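**Q** Dropping in structure-v1.txt, which is compact mmCIF, C-alpha atoms:
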```
# COMPACT_ATOMS: atom_id res chain seq x y z
CA MET A 1 18.43 35.10 11.76
CA ALA A 2 19.85 32.33 13.92
CA VAL A 3 19.99 28.86 12.48
CA PRO A 4 18.00 26.23 14.48
CA SER A 5 19.78 23.43 16.33
CA SER A 6 19.40 19.75 15.45
CA GLN A 7 17.63 19.41 18.78
CA GLN A 8 14.95 21.89 17.71
CA VAL A 9 14.44 20.03 14.44
CA LEU A 10 14.03 16.71 16.27
CA GLN A 11 11.61 18.31 18.71
CA VAL A 12 9.21 19.28 15.93
CA LEU A 13 9.66 15.98 14.09
CA ALA A 14 8.67 14.18 17.28
CA HIS A 15 5.14 15.47 16.63
CA ILE A 16 4.85 12.94 13.82
CA GLN A 17 3.30 9.73 15.10
CA ASP A 18 3.57 6.38 13.40
CA PRO A 19 -0.09 5.27 13.37
CA ASP A 20 0.77 1.58 13.44
CA LEU A 21 3.46 1.59 16.06
CA GLY A 22 1.73 4.26 18.14
CA ARG A 23 4.93 6.18 18.86
CA ASP A 24 6.65 9.23 17.45
CA VAL A 25 9.07 8.75 14.59
CA VAL A 26 12.02 10.29 16.46
CA SER A 27 11.93 7.87 19.38
CA LEU A 28 11.49 5.03 16.88
CA GLY A 29 14.83 6.03 15.41
CA MET A 30 13.45 6.76 11.95
CA ILE A 31 15.24 10.11 11.58
CA LYS A 32 18.85 9.65 10.49
CA GLU A 33 21.74 11.74 9.15
CA LEU A 34 20.24 15.01 10.29
CA GLU A 35 22.23 18.06 9.22
CA VAL A 36 21.58 21.78 9.54
CA SER A 37 23.76 23.88 7.26
CA PRO A 38 25.08 27.29 8.42
CA LEU A 39 22.65 28.86 5.94
CA GLY A 40 19.65 27.18 7.56
CA LYS A 41 19.18 24.29 5.14
CA VAL A 42 17.95 21.19 6.96
CA SER A 43 18.47 17.74 5.47
CA PHE A 44 17.78 14.32 6.92
CA THR A 45 16.89 10.76 6.04
CA PHE A 46 13.48 9.44 7.02
CA GLU A 47 13.94 5.71 7.39
CA LEU A 48 10.71 3.72 7.22
CA THR A 49 10.35 0.15 8.42
CA THR A 50 8.98 -0.93 5.05
CA PRO A 51 9.19 0.55 1.57
CA ALA A 52 5.48 -0.22 1.21
CA CYS A 53 4.60 2.06 4.15
CA PRO A 54 1.02 3.23 3.59
CA VAL A 55 1.69 6.66 5.16
CA ARG A 56 4.98 7.26 3.36
CA ASP A 57 3.82 10.37 1.46
CA ARG A 58 2.02 11.80 4.47
CA PHE A 59 5.17 11.43 6.59
CA LYS A 60 7.21 13.28 3.98
CA THR A 61 4.82 16.24 3.70
CA GLN A 62 4.40 16.42 7.47
CA ALA A 63 8.16 16.43 7.95
CA GLN A 64 8.67 19.11 5.31
CA ASP A 65 5.91 21.32 6.68
CA LEU A 66 6.89 21.01 10.35
CA VAL A 67 10.58 21.65 9.77
CA GLY A 68 9.89 24.40 7.22
CA GLU A 69 7.93 26.33 9.86
CA ILE A 70 10.87 26.57 12.29
CA PRO A 71 12.18 30.13 12.21
CA GLY A 72 15.55 30.34 10.50
CA VAL A 73 15.01 27.34 8.21
CA THR A 74 15.65 28.24 4.57
CA GLY A 75 15.15 24.84 2.98
CA VAL A 76 14.17 21.26 3.83
CA ASP A 77 15.49 18.16 2.11
CA VAL A 78 13.85 14.90 3.21
CA ARG A 79 15.26 11.65 1.88
CA MET A 80 12.79 8.79 2.26
CA THR A 81 14.33 5.33 2.60
CA ALA A 82 13.27 2.04 4.09
CA ASN A 83 15.14 -0.47 6.15
CA VAL A 84 13.12 -3.55 6.89
CA ARG A 85 14.06 -4.61 10.41
CA PRO A 86 15.01 -8.20 11.08
CA ALA A 87 11.92 -9.77 12.59
CA PHE A 88 13.41 -11.76 15.40
CA MET A 89 16.57 -13.11 16.83
CA ARG A 90 16.93 -16.49 15.20
CA PRO A 91 17.31 -19.63 17.26
CA LYS A 92 20.07 -20.96 14.98
CA PRO A 93 20.78 -18.01 12.75
CA SER A 94 23.47 -19.76 10.80
CA GLU A 95 21.20 -22.50 9.55
CA ILE A 96 17.81 -21.30 8.45
CA LEU A 97 17.23 -18.31 6.20
CA PRO A 98 20.02 -16.23 7.71
CA GLY A 99 19.59 -13.25 5.36
CA VAL A 100 15.80 -13.09 5.46
CA LYS A 101 14.34 -10.31 7.57
CA GLN A 102 10.65 -11.13 7.46
CA THR A 103 8.89 -14.41 6.74
CA ILE A 104 5.24 -14.16 5.75
CA ALA A 105 3.18 -17.32 5.31
CA VAL A 106 0.08 -17.36 3.13
CA ALA A 107 -2.34 -20.08 4.23
CA SER A 108 -6.00 -20.89 3.88
CA GLY A 109 -6.91 -24.24 5.36
CA LYS A 110 -9.20 -24.86 2.40
CA GLY A 111 -7.93 -25.54 -1.10
CA GLY A 112 -8.85 -23.69 -4.25
CA VAL A 113 -9.46 -20.29 -2.73
CA GLY A 114 -6.57 -18.62 -4.54
CA LYS A 115 -3.73 -18.83 -2.04
CA SER A 116 -1.05 -19.08 -4.70
CA THR A 117 -2.54 -16.26 -6.74
CA VAL A 118 -2.58 -14.11 -3.63
CA ALA A 119 0.95 -15.16 -2.63
CA VAL A 120 2.38 -14.44 -6.09
CA ASN A 121 0.70 -11.05 -6.32
CA LEU A 122 1.54 -10.16 -2.74
CA ALA A 123 5.20 -10.90 -3.47
CA ALA A 124 5.09 -8.95 -6.73
CA ALA A 125 3.41 -5.96 -5.06
CA LEU A 126 5.99 -5.90 -2.26
CA ARG A 127 8.72 -6.07 -4.91
CA LYS A 128 7.13 -3.16 -6.79
CA SER A 129 7.36 -1.07 -3.65
CA GLY A 130 11.13 -1.54 -3.71
CA ALA A 131 11.73 -4.43 -1.31
CA GLU A 132 13.86 -7.51 -2.01
CA VAL A 133 11.36 -10.35 -2.10
CA GLY A 134 11.49 -14.12 -2.32
CA LEU A 135 8.63 -16.55 -2.83
CA LEU A 136 8.83 -20.10 -1.53
CA ASP A 137 6.20 -22.49 -2.82
CA ALA A 138 5.66 -24.89 0.07
CA ASP A 139 2.99 -26.83 -1.80
CA ILE A 140 4.91 -29.99 -2.52
CA TYR A 141 2.04 -31.92 -4.15
CA GLY A 142 0.46 -29.13 -6.15
CA PRO A 143 3.07 -26.47 -6.86
CA SER A 144 1.63 -23.63 -8.91
CA VAL A 145 4.22 -20.89 -8.54
CA PRO A 146 6.27 -21.88 -11.65
CA ALA A 147 3.24 -21.60 -13.94
CA MET A 148 1.94 -18.41 -12.34
CA THR A 149 5.29 -16.69 -12.70
CA GLY A 150 6.20 -18.07 -16.14
CA SER A 151 9.32 -19.65 -14.71
CA ARG A 152 9.31 -23.30 -15.64
CA VAL A 153 13.07 -23.52 -15.27
CA VAL A 154 15.19 -26.05 -13.40
CA PRO A 155 17.32 -24.37 -10.74
CA GLU A 156 21.10 -24.33 -11.03
CA GLN A 157 23.17 -25.98 -8.39
CA VAL A 158 26.21 -24.15 -7.04
CA ASN A 159 28.38 -25.77 -4.35
CA GLY A 160 25.63 -28.18 -3.41
CA ARG A 161 23.07 -25.41 -2.95
CA LEU A 162 20.25 -24.40 -5.25
CA ARG A 163 20.06 -20.95 -6.79
CA PRO A 164 16.58 -19.49 -6.63
CA ILE A 165 14.88 -18.88 -9.98
CA GLU A 166 14.61 -15.19 -10.85
CA ALA A 167 11.44 -13.88 -12.46
CA HIS A 168 9.68 -10.52 -12.30
CA GLY A 169 12.36 -9.29 -9.89
CA LEU A 170 11.47 -12.06 -7.43
CA LYS A 171 13.54 -14.96 -6.16
CA LEU A 172 11.50 -18.14 -6.46
CA MET A 173 11.73 -21.74 -5.43
CA SER A 174 9.16 -24.46 -5.89
CA PHE A 175 9.03 -28.23 -6.13
CA GLY A 176 7.64 -27.53 -9.58
CA HIS A 177 11.04 -26.10 -10.49
CA ILE A 178 12.94 -29.01 -9.02
CA TYR A 179 10.69 -31.69 -10.58
CA PRO A 180 9.18 -30.10 -13.68
CA GLY A 181 6.70 -31.58 -16.07
CA GLU A 182 3.93 -33.99 -15.27
CA GLN A 183 5.69 -36.25 -12.81
CA PRO A 184 3.95 -36.18 -9.44
CA THR A 185 5.60 -35.98 -6.06
CA ILE A 186 4.44 -39.03 -4.12
CA TYR A 187 5.42 -38.38 -0.52
CA ARG A 188 4.20 -39.37 2.90
CA GLY A 189 3.78 -36.63 5.49
CA PRO A 190 7.23 -36.57 7.09
CA MET A 191 8.85 -36.25 3.66
CA VAL A 192 6.82 -33.11 3.05
CA GLY A 193 8.34 -31.52 6.10
CA LYS A 194 11.82 -32.50 4.99
CA ALA A 195 11.21 -31.09 1.52
CA ILE A 196 10.06 -27.75 2.90
CA GLU A 197 13.01 -27.55 5.26
CA ALA A 198 15.34 -28.32 2.35
CA MET A 199 13.85 -25.47 0.35
CA MET A 200 14.72 -23.14 3.22
CA VAL A 201 18.14 -24.49 4.13
CA GLN A 202 19.56 -25.70 0.81
CA VAL A 203 18.46 -22.76 -1.29
CA ASP A 204 20.68 -19.72 -1.49
CA TRP A 205 18.07 -17.11 -0.70
CA GLY A 206 20.67 -14.43 0.02
CA SER A 207 19.40 -11.31 1.70
CA LEU A 208 15.72 -10.59 1.42
CA ASP A 209 13.40 -8.09 3.06
CA TYR A 210 10.48 -10.48 2.72
CA LEU A 211 10.14 -14.17 2.04
CA VAL A 212 6.55 -14.98 1.16
CA ILE A 213 5.71 -18.63 1.74
CA ASP A 214 2.82 -20.14 -0.19
CA LEU A 215 1.47 -22.96 1.98
CA PRO A 216 -0.62 -25.89 0.79
CA PRO A 217 -4.15 -26.30 2.16
CA GLY A 218 -4.59 -28.12 5.43
CA THR A 219 -3.45 -27.79 9.01
CA GLY A 220 -0.91 -30.59 8.98
CA ASP A 221 2.66 -31.36 8.04
CA ALA A 222 3.52 -28.41 5.84
CA SER A 223 2.16 -25.72 8.13
CA LEU A 224 3.50 -27.40 11.23
CA THR A 225 7.00 -27.83 9.80
CA LEU A 226 7.11 -24.21 8.82
CA ALA A 227 5.84 -22.92 12.15
CA GLN A 228 8.43 -25.04 13.96
CA ALA A 229 11.40 -24.36 11.71
CA VAL A 230 11.32 -20.58 11.55
CA PRO A 231 9.97 -17.87 13.81
CA LEU A 232 7.44 -16.69 11.23
CA THR A 233 6.74 -12.98 11.29
CA GLY A 234 3.12 -13.73 10.63
CA VAL A 235 0.53 -15.50 8.55
CA ALA A 236 -2.03 -14.09 6.14
CA ILE A 237 -5.12 -16.25 5.70
CA VAL A 238 -6.92 -16.33 2.37
CA CYS A 239 -10.53 -17.38 1.96
CA THR A 240 -13.50 -16.95 -0.29
CA PRO A 241 -16.61 -15.31 1.16
CA GLN A 242 -18.93 -18.29 1.54
CA ASP A 243 -19.36 -20.12 4.84
CA VAL A 244 -17.73 -23.39 3.76
CA ALA A 245 -14.54 -21.48 3.04
CA THR A 246 -14.49 -19.10 5.99
CA ASP A 247 -15.20 -21.97 8.42
CA ILE A 248 -12.02 -23.75 7.30
CA ALA A 249 -10.02 -20.53 7.15
CA VAL A 250 -10.89 -20.01 10.80
CA LYS A 251 -9.44 -23.45 11.61
CA ALA A 252 -6.19 -22.51 9.86
CA LEU A 253 -6.07 -19.25 11.75
CA GLN A 254 -6.62 -20.99 15.08
CA MET A 255 -3.89 -23.50 14.27
CA PHE A 256 -1.36 -20.71 13.78
CA ARG A 257 -2.57 -19.03 16.93
CA LYS A 258 -1.89 -22.21 18.87
CA LEU A 259 1.65 -22.15 17.49
CA ASN A 260 2.05 -18.52 18.53
CA VAL A 261 2.31 -17.30 14.95
CA THR A 262 0.76 -13.88 14.67
CA PRO A 263 -2.19 -13.69 12.28
CA LEU A 264 -1.55 -10.69 10.03
CA GLY A 265 -5.17 -10.86 8.96
CA LEU A 266 -7.74 -12.30 6.58
CA ILE A 267 -7.94 -11.72 2.82
CA GLU A 268 -11.19 -12.26 0.94
CA ASN A 269 -10.63 -13.56 -2.58
CA MET A 270 -13.26 -13.87 -5.36
CA SER A 271 -15.20 -11.27 -3.45
CA TRP A 272 -17.28 -9.96 -6.34
CA TYR A 273 -17.55 -10.17 -10.11
CA VAL A 274 -18.35 -7.36 -12.49
CA CYS A 275 -20.18 -8.81 -15.49
CA PRO A 276 -18.52 -7.54 -18.67
CA SER A 277 -21.77 -7.52 -20.64
CA CYS A 278 -24.23 -6.07 -18.14
CA GLY A 279 -21.76 -4.16 -15.95
CA ASN A 280 -23.52 -5.29 -12.79
CA ARG A 281 -21.68 -6.43 -9.73
CA HIS A 282 -22.43 -10.04 -8.77
CA GLU A 283 -21.45 -11.62 -5.50
CA ILE A 284 -21.17 -15.19 -6.64
CA PHE A 285 -19.70 -16.60 -3.46
CA SER A 286 -21.56 -14.16 -1.20
CA HIS A 287 -19.69 -11.16 0.19
CA GLY A 288 -18.12 -9.95 3.39
CA GLY A 289 -17.67 -13.41 4.93
CA ALA A 290 -13.97 -12.90 5.60
CA GLU A 291 -14.49 -9.44 7.01
CA SER A 292 -17.09 -10.62 9.49
CA ALA A 293 -14.97 -13.65 10.42
CA ALA A 294 -12.00 -11.32 10.98
CA LYS A 295 -14.10 -9.10 13.20
CA ARG A 296 -15.36 -12.08 15.18
CA LEU A 297 -11.84 -13.42 15.73
CA GLY A 298 -10.30 -10.06 16.47
CA VAL A 299 -7.83 -10.05 13.59
CA PRO A 300 -7.41 -7.40 10.90
CA PHE A 301 -9.25 -7.66 7.60
CA LEU A 302 -6.58 -7.04 4.98
CA GLY A 303 -8.75 -6.51 1.93
CA ALA A 304 -10.93 -8.06 -0.74
CA VAL A 305 -9.92 -9.15 -4.23
CA PRO A 306 -12.48 -9.28 -7.04
CA LEU A 307 -13.06 -12.31 -9.24
CA GLU A 308 -11.61 -11.08 -12.53
CA GLU A 309 -10.90 -12.89 -15.73
CA GLY A 310 -7.65 -10.91 -16.03
CA ILE A 311 -6.27 -12.31 -12.80
CA ARG A 312 -6.85 -15.87 -14.00
CA GLU A 313 -5.53 -15.18 -17.52
CA ASP A 314 -2.38 -13.55 -16.21
CA ALA A 315 -1.80 -16.36 -13.71
CA ASP A 316 -2.03 -18.85 -16.58
CA SER A 317 0.25 -16.79 -18.81
CA GLY A 318 2.80 -16.37 -16.04
CA VAL A 319 2.68 -12.66 -15.27
CA PRO A 320 1.18 -11.55 -11.95
CA VAL A 321 -1.71 -9.14 -12.52
CA VAL A 322 -0.07 -6.41 -10.41
CA ILE A 323 2.62 -6.27 -13.09
CA SER A 324 0.62 -6.92 -16.27
CA ARG A 325 -2.45 -4.78 -15.51
CA PRO A 326 -1.47 -2.44 -12.71
CA ASP A 327 -4.61 -0.31 -13.18
CA SER A 328 -7.11 -3.15 -12.87
CA ALA A 329 -9.29 -3.45 -9.79
CA GLY A 330 -7.58 -6.75 -8.98
CA ALA A 331 -4.08 -5.28 -9.08
CA LYS A 332 -5.15 -2.36 -6.92
CA ALA A 333 -6.68 -4.74 -4.41
CA PHE A 334 -3.44 -6.75 -4.21
CA GLU A 335 -1.36 -3.62 -3.76
CA HIS A 336 -3.62 -2.42 -0.99
CA ILE A 337 -3.30 -5.82 0.70
CA ALA A 338 0.49 -5.78 0.29
CA SER A 339 0.78 -2.42 2.02
CA GLN A 340 -1.45 -3.67 4.85
CA VAL A 341 0.69 -6.78 5.20
CA ALA A 342 3.88 -4.70 5.16
CA ALA A 343 2.51 -2.41 7.84
CA ARG A 344 1.49 -5.34 10.03
CA THR A 345 4.86 -7.08 9.65
CA SER A 346 6.79 -3.97 10.58
CA ILE A 347 4.78 -3.81 13.79
CA GLN A 348 5.78 -7.43 14.39
CA SER A 349 9.46 -6.68 13.88
CA PHE A 350 9.48 -4.70 17.10
CA ARG A 351 8.48 -7.78 19.06
CA GLN A 352 11.20 -9.85 20.57
CA LEU A 353 11.65 -13.57 20.61
CA PRO A 354 12.92 -15.32 23.71
CA VAL A 355 16.69 -15.27 24.06
CA ILE A 356 18.24 -18.63 24.88
CA ASN A 357 21.63 -18.88 26.52
CA VAL A 358 23.14 -22.33 26.83
CA HIS A 359 26.05 -22.49 29.28
CA MET B 1 17.30 -24.20 33.23
CA GLU B 2 16.01 -20.80 34.11
CA ILE B 3 13.22 -18.89 32.39
CA THR B 4 12.50 -15.22 32.80
CA TRP B 5 8.96 -14.68 31.55
CA GLU B 6 7.84 -11.46 29.89
CA ASP B 7 6.03 -10.39 33.04
CA GLY B 8 9.32 -10.64 34.96
CA HIS B 9 8.42 -13.92 36.70
CA LYS B 10 11.52 -16.13 37.06
CA VAL B 11 11.41 -19.89 37.30
CA SER B 12 14.19 -22.46 37.72
CA TYR B 13 13.80 -25.96 36.37
CA SER B 14 16.10 -28.88 37.08
CA GLY B 15 17.10 -31.32 34.36
CA GLU B 16 15.53 -34.10 36.38
CA GLN B 17 12.23 -32.31 36.66
CA LEU B 18 12.14 -31.52 32.94
CA ARG B 19 13.09 -35.05 31.96
CA TRP B 20 10.25 -36.53 34.00
CA ALA B 21 7.90 -33.98 32.47
CA CYS B 22 8.89 -34.80 28.89
CA PRO B 23 5.72 -34.43 26.83
CA CYS B 24 6.77 -36.60 23.87
CA ALA B 25 4.68 -39.55 22.76
CA GLU B 26 7.36 -42.08 23.66
CA CYS B 27 7.54 -40.83 27.25
CA ARG B 28 3.89 -40.00 27.81
CA GLY B 29 2.37 -42.82 25.80
CA GLU B 30 -0.18 -42.49 23.05
CA ALA B 31 -3.54 -43.87 22.03
CA GLY B 32 -4.21 -45.13 25.54
CA ALA B 33 -0.94 -47.05 25.88
CA PRO B 34 1.28 -45.95 28.77
CA GLY B 35 4.60 -44.35 27.86
CA ARG B 36 8.12 -45.08 29.00
CA LEU B 37 7.97 -42.74 32.00
CA ALA B 38 5.02 -44.67 33.39
CA ARG B 39 6.95 -47.92 33.12
CA VAL B 40 10.29 -46.96 34.69
CA THR B 41 10.98 -45.80 38.21
CA ALA B 42 14.50 -44.48 37.73
CA LEU B 43 16.50 -42.84 34.97
CA ASN B 44 20.27 -42.80 34.40
CA PRO B 45 22.15 -39.62 35.30
CA GLU B 46 22.91 -38.77 31.66
CA GLU B 47 19.23 -38.91 30.92
CA LEU B 48 18.65 -36.14 33.44
CA ARG B 49 21.36 -33.70 32.35
CA ILE B 50 20.38 -31.03 29.82
CA HIS B 51 22.65 -30.89 26.81
CA ASP B 52 21.03 -28.19 24.68
CA VAL B 53 17.88 -26.11 24.32
CA THR B 54 16.45 -24.71 21.10
CA LEU B 55 13.49 -22.60 20.26
CA VAL B 56 10.70 -24.29 18.28
CA GLY B 57 9.12 -21.67 16.03
CA GLN B 58 7.93 -19.20 18.60
CA TYR B 59 5.76 -21.36 20.79
CA ALA B 60 7.95 -23.91 22.53
CA LEU B 61 11.37 -25.14 23.61
CA GLN B 62 12.96 -28.36 22.53
CA ILE B 63 15.22 -29.80 25.20
CA ALA B 64 18.00 -32.22 24.35
CA PHE B 65 19.35 -34.38 27.17
CA GLU B 66 22.86 -35.83 27.31
CA SER B 67 21.46 -39.29 26.62
CA GLY B 68 20.41 -38.01 23.20
CA HIS B 69 16.73 -37.88 24.01
CA ALA B 70 15.37 -34.74 22.36
CA THR B 71 11.87 -35.46 21.11
CA GLY B 72 10.07 -33.44 23.77
CA ILE B 73 8.60 -30.13 22.67
CA TYR B 74 7.76 -28.12 25.78
CA THR B 75 5.24 -25.42 24.94
CA PHE B 76 5.48 -22.15 26.83
CA PRO B 77 2.08 -22.61 28.52
CA TYR B 78 3.19 -26.10 29.62
CA LEU B 79 6.43 -24.76 31.09
CA ARG B 80 4.66 -21.88 32.75
CA ALA B 81 2.20 -24.25 34.41
CA MET B 82 4.97 -26.47 35.82
CA LYS B 83 5.66 -26.21 39.52
CA PRO B 84 9.02 -24.85 40.66
CA SER B 85 11.96 -27.21 40.80
CA GLY B 86 12.17 -29.82 43.56
CA GLY B 87 8.70 -31.30 43.23
CA GLU B 88 8.15 -34.78 41.89
CA LEU B 89 6.08 -33.30 39.11
CA LEU B 90 3.95 -35.44 36.85
CA ARG B 91 5.26 -38.71 38.18
```
Please re-express this file's structure in structure tokens.
**A**
Amino acid sequence: MAVPSSQQVLQVLAHIQDPDLGRDVVSLGMIKELEVSPLGKVSFTFELTTPACPVRDRFKTQAQDLVGEIPGVTGVDVRMTANVRPAFMRPKPSEILPGVKQTIAVASGKGGVGKSTVAVNLAAALRKSGAEVGLLDADIYGPSVPAMTGSRVVPEQVNGRLRPIEAHGLKLMSFGHIYPGEQPTIYRGPMVGKAIEAMMVQVDWGSLDYLVIDLPPGTGDASLTLAQAVPLTGVAIVCTPQDVATDIAVKALQMFRKLNVTPLGLIENMSWYVCPSCGNRHEIFSHGGAESAAKRLGVPFLGAVPLEEGIREDADSGVPVVISRPDSAGAKAFEHIASQVAARTSIQSFRQLPVINVH
Amino acid sequence: MEITWEDGHKVSYSGEQLRWACPCAECRGEAGAPGRLARVTALNPEELRIHDVTLVGQYALQIAFESGHATGIYTFPYLRAMKPSGGELLR
């Protein structure tokens, strides 16, 4: 029997649609290194835009089935890989985060809703999926990343630049690393901006698929500096379900919209509590507030995280819950959110920033 | 300066026009006090020549003039709403 041509193989693979990007995987350039052996063995690489692709397994089975059905094919070998696309052309690529492909801010407007917990676990979940991930703690006054990652270490300085702290496979940098212990950072607004910029420019982040940025509460200096300094891929907004929290989260979201930063969606934290003694589900801070706010504002709802003692204990002991208790409801919620975020950012990476030519 | 917008619309802006439209607090004034552009009637040539343009996040352009003045952040909606070059805009 005649062996099929590469063209025939691509024709059937073009039936696979990427649900997020709304186009077929062949025209998106995801099929690479396609070979058909003289004996009818077909092998190719399926290159996803994120290792955390939610439809990864479905793509693989679809590809195997479709190609396997072509007459003359004796075997199919699909290699799944991921290449996170650079989000945008940088305005001054040499200066700010040159090796970072995607920058994801985690913000909330309101304090105390669990931004840092979400940021740490989001970073850890993205790392678990195979990506290179950094986490920048942009909370200058109240840095919590060092404690939550068990990394109370002072960074090394090499050639005038700081080396990120490594913990749990993540690259980290926080003002809590730079000024450890109980000494406070007493800064006026403009200094906060400078400090955040320094953590981007003077830290050797190297090449990263994702840099997650944990923002402080508020819609002022920190958020503004960040939105001006880098073309952020997007921002995920964290809130708790009750009105006082969602109202402020909406303000944060609208701020980023004004600055043209794409909202990746809303995350509801402390969404419910399962009582260990009675087993009943309690909705202490109400429920569904973030989801209905997301619907009202026309942004995606990325998921809900339960209020669990384990999440708090692990944050205090310095191991993100997605690593220490991967089977807990909390960890599963974070992993779901991470894959949603990854999917949304890879959609963003196909958007183009303005190109500036100065003559 | 020339901008080609996503919808294909092309607009040319002169350095002079952009300088007089500078949205910064020093030029526009703040808290009810008039800014520099309301107080002067003429600007030196080097104040009107564009030296460099950079992108601010993904919402605006920052324009540096040869005089060193570079505090104006021109948002895309602001630029889009400006009239084509030649007019004595916002004076």
**Q** Find the residues of chain A in contact range of chain B, meaning any atom within 8 Å when counting all atoms listed in the file, and list them as a PyMOL selection string.
**A** chain A and resi 91+226-232+258-261+353+356+358
**Q** Which residues are near range 314-322 of chain A? Cut-off 8 Å, all atoms listed in the file, ignore same chain within fewer than 6 positions. Put them as a list in words.
**A**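 Skipping anything fewer than 6 positions along the chain leaves Thr117, Val120, Asn121, Ala124, Ala125, Pro146, Ala147, Met148, Thr149, Gly150, Ser151, His168, Gly330, Ala331, Lys332, Phe334 and Glu335 of chain A.
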**Q** Would you kindly return, as number ranges by chain, each protein, DNA or RNA residue with an atom no farther than 6 Å from any atom of range 298-308 of chain A, considering only C-alpha atoms and excluding same-chain residues fewer than 5 positions away?
**A** A: 265-273, 291, 330, 333, 337
**Q** Would you mind listing what lies within 8 Å of Val42 in chain A as an MDAnalysis selection string, with all atoms listed in the file counted and same-chain residues fewer than 4 positions away left out?
**A** chainID A and resid 34:37 67 73:77
**Q** Which one of B:Ala81, B:Arg39, B:Ser12, B:Arg19 sits closest to Gly68 in chain B if you count only C-alpha atoms?
**A** B:Arg19
**Q** Please fill the gaps in range 64-78 of chain A so it has N, CA and C atoms, and write that as a PDB file, keeping the file's coordinate frame.
**A**
```
ATOM      1  N   GLN A  64       8.292  17.885   6.012  1.00  0.00           N
ATOM      2  CA  GLN A  64       8.670  19.110   5.310  1.00  0.00           C
ATOM      3  C   GLN A  64       7.980  20.324   5.900  1.00  0.00           C
ATOM      4  N   ASP A  65       6.671  20.186   6.157  1.00  0.00           N
ATOM      5  CA  ASP A  65       5.910  21.320   6.680  1.00  0.00           C
ATOM      6  C   ASP A  65       6.380  21.715   8.068  1.00  0.00           C
ATOM      7  N   LEU A  66       6.517  20.714   8.951  1.00  0.00           N
ATOM      8  CA  LEU A  66       6.890  21.010  10.350  1.00  0.00           C
ATOM      9  C   LEU A  66       8.253  21.664  10.436  1.00  0.00           C
ATOM     10  N   VAL A  67       9.218  21.106   9.700  1.00  0.00           N
ATOM     11  CA  VAL A  67      10.580  21.650   9.770  1.00  0.00           C
ATOM     12  C   VAL A  67      10.641  23.015   9.080  1.00  0.00           C
ATOM     13  N   GLY A  68       9.900  23.140   7.960  1.00  0.00           N
ATOM     14  CA  GLY A  68       9.890  24.400   7.220  1.00  0.00           C
ATOM     15  C   GLY A  68       9.368  25.565   8.040  1.00  0.00           C
ATOM     16  N   GLU A  69       8.524  25.258   9.050  1.00  0.00           N
ATOM     17  CA  GLU A  69       7.930  26.330   9.860  1.00  0.00           C
ATOM     18  C   GLU A  69       8.844  26.832  10.975  1.00  0.00           C
ATOM     19  N   ILE A  70       9.962  26.112  11.234  1.00  0.00           N
ATOM     20  CA  ILE A  70      10.870  26.570  12.290  1.00  0.00           C
ATOM     21  C   ILE A  70      11.549  27.859  11.807  1.00  0.00           C
ATOM     22  N   PRO A  71      11.537  28.881  12.641  1.00  0.00           N
ATOM     23  CA  PRO A  71      12.180  30.130  12.210  1.00  0.00           C
ATOM     24  C   PRO A  71      13.658  29.897  11.924  1.00  0.00           C
ATOM     25  N   GLY A  72      14.132  30.472  10.843  1.00  0.00           N
ATOM     26  CA  GLY A  72      15.550  30.340  10.500  1.00  0.00           C
ATOM     27  C   GLY A  72      15.821  29.254   9.477  1.00  0.00           C
ATOM     28  N   VAL A  73      14.812  28.406   9.195  1.00  0.00           N
ATOM     29  CA  VAL A  73      15.010  27.340   8.210  1.00  0.00           C
ATOM     30  C   VAL A  73      14.780  27.894   6.807  1.00  0.00           C
ATOM     31  N   THR A  74      15.775  27.699   5.930  1.00  0.00           N
ATOM     32  CA  THR A  74      15.650  28.240   4.570  1.00  0.00           C
ATOM     33  C   THR A  74      15.307  27.163   3.549  1.00  0.00           C
ATOM     34  N   GLY A  75      15.480  25.910   3.930  1.00  0.00           N
ATOM     35  CA  GLY A  75      15.150  24.840   2.980  1.00  0.00           C
ATOM     36  C   GLY A  75      15.117  23.503   3.705  1.00  0.00           C
ATOM     37  N   VAL A  76      14.283  22.573   3.202  1.00  0.00           N
ATOM     38  CA  VAL A  76      14.170  21.260   3.830  1.00  0.00           C
ATOM     39  C   VAL A  76      14.371  20.189   2.764  1.00  0.00           C
ATOM     40  N   ASP A  77      15.267  19.256   3.052  1.00  0.00           N
ATOM     41  CA  ASP A  77      15.490  18.160   2.110  1.00  0.00           C
ATOM     42  C   ASP A  77      15.271  16.843   2.855  1.00  0.00           C
ATOM     43  N   VAL A  78      14.166  16.165   2.526  1.00  0.00           N
ATOM     44  CA  VAL A  78      13.850  14.900   3.210  1.00  0.00           C
ATOM     45  C   VAL A  78      14.140  13.746   2.257  1.00  0.00           C
TER      46      VAL A  78
END
```
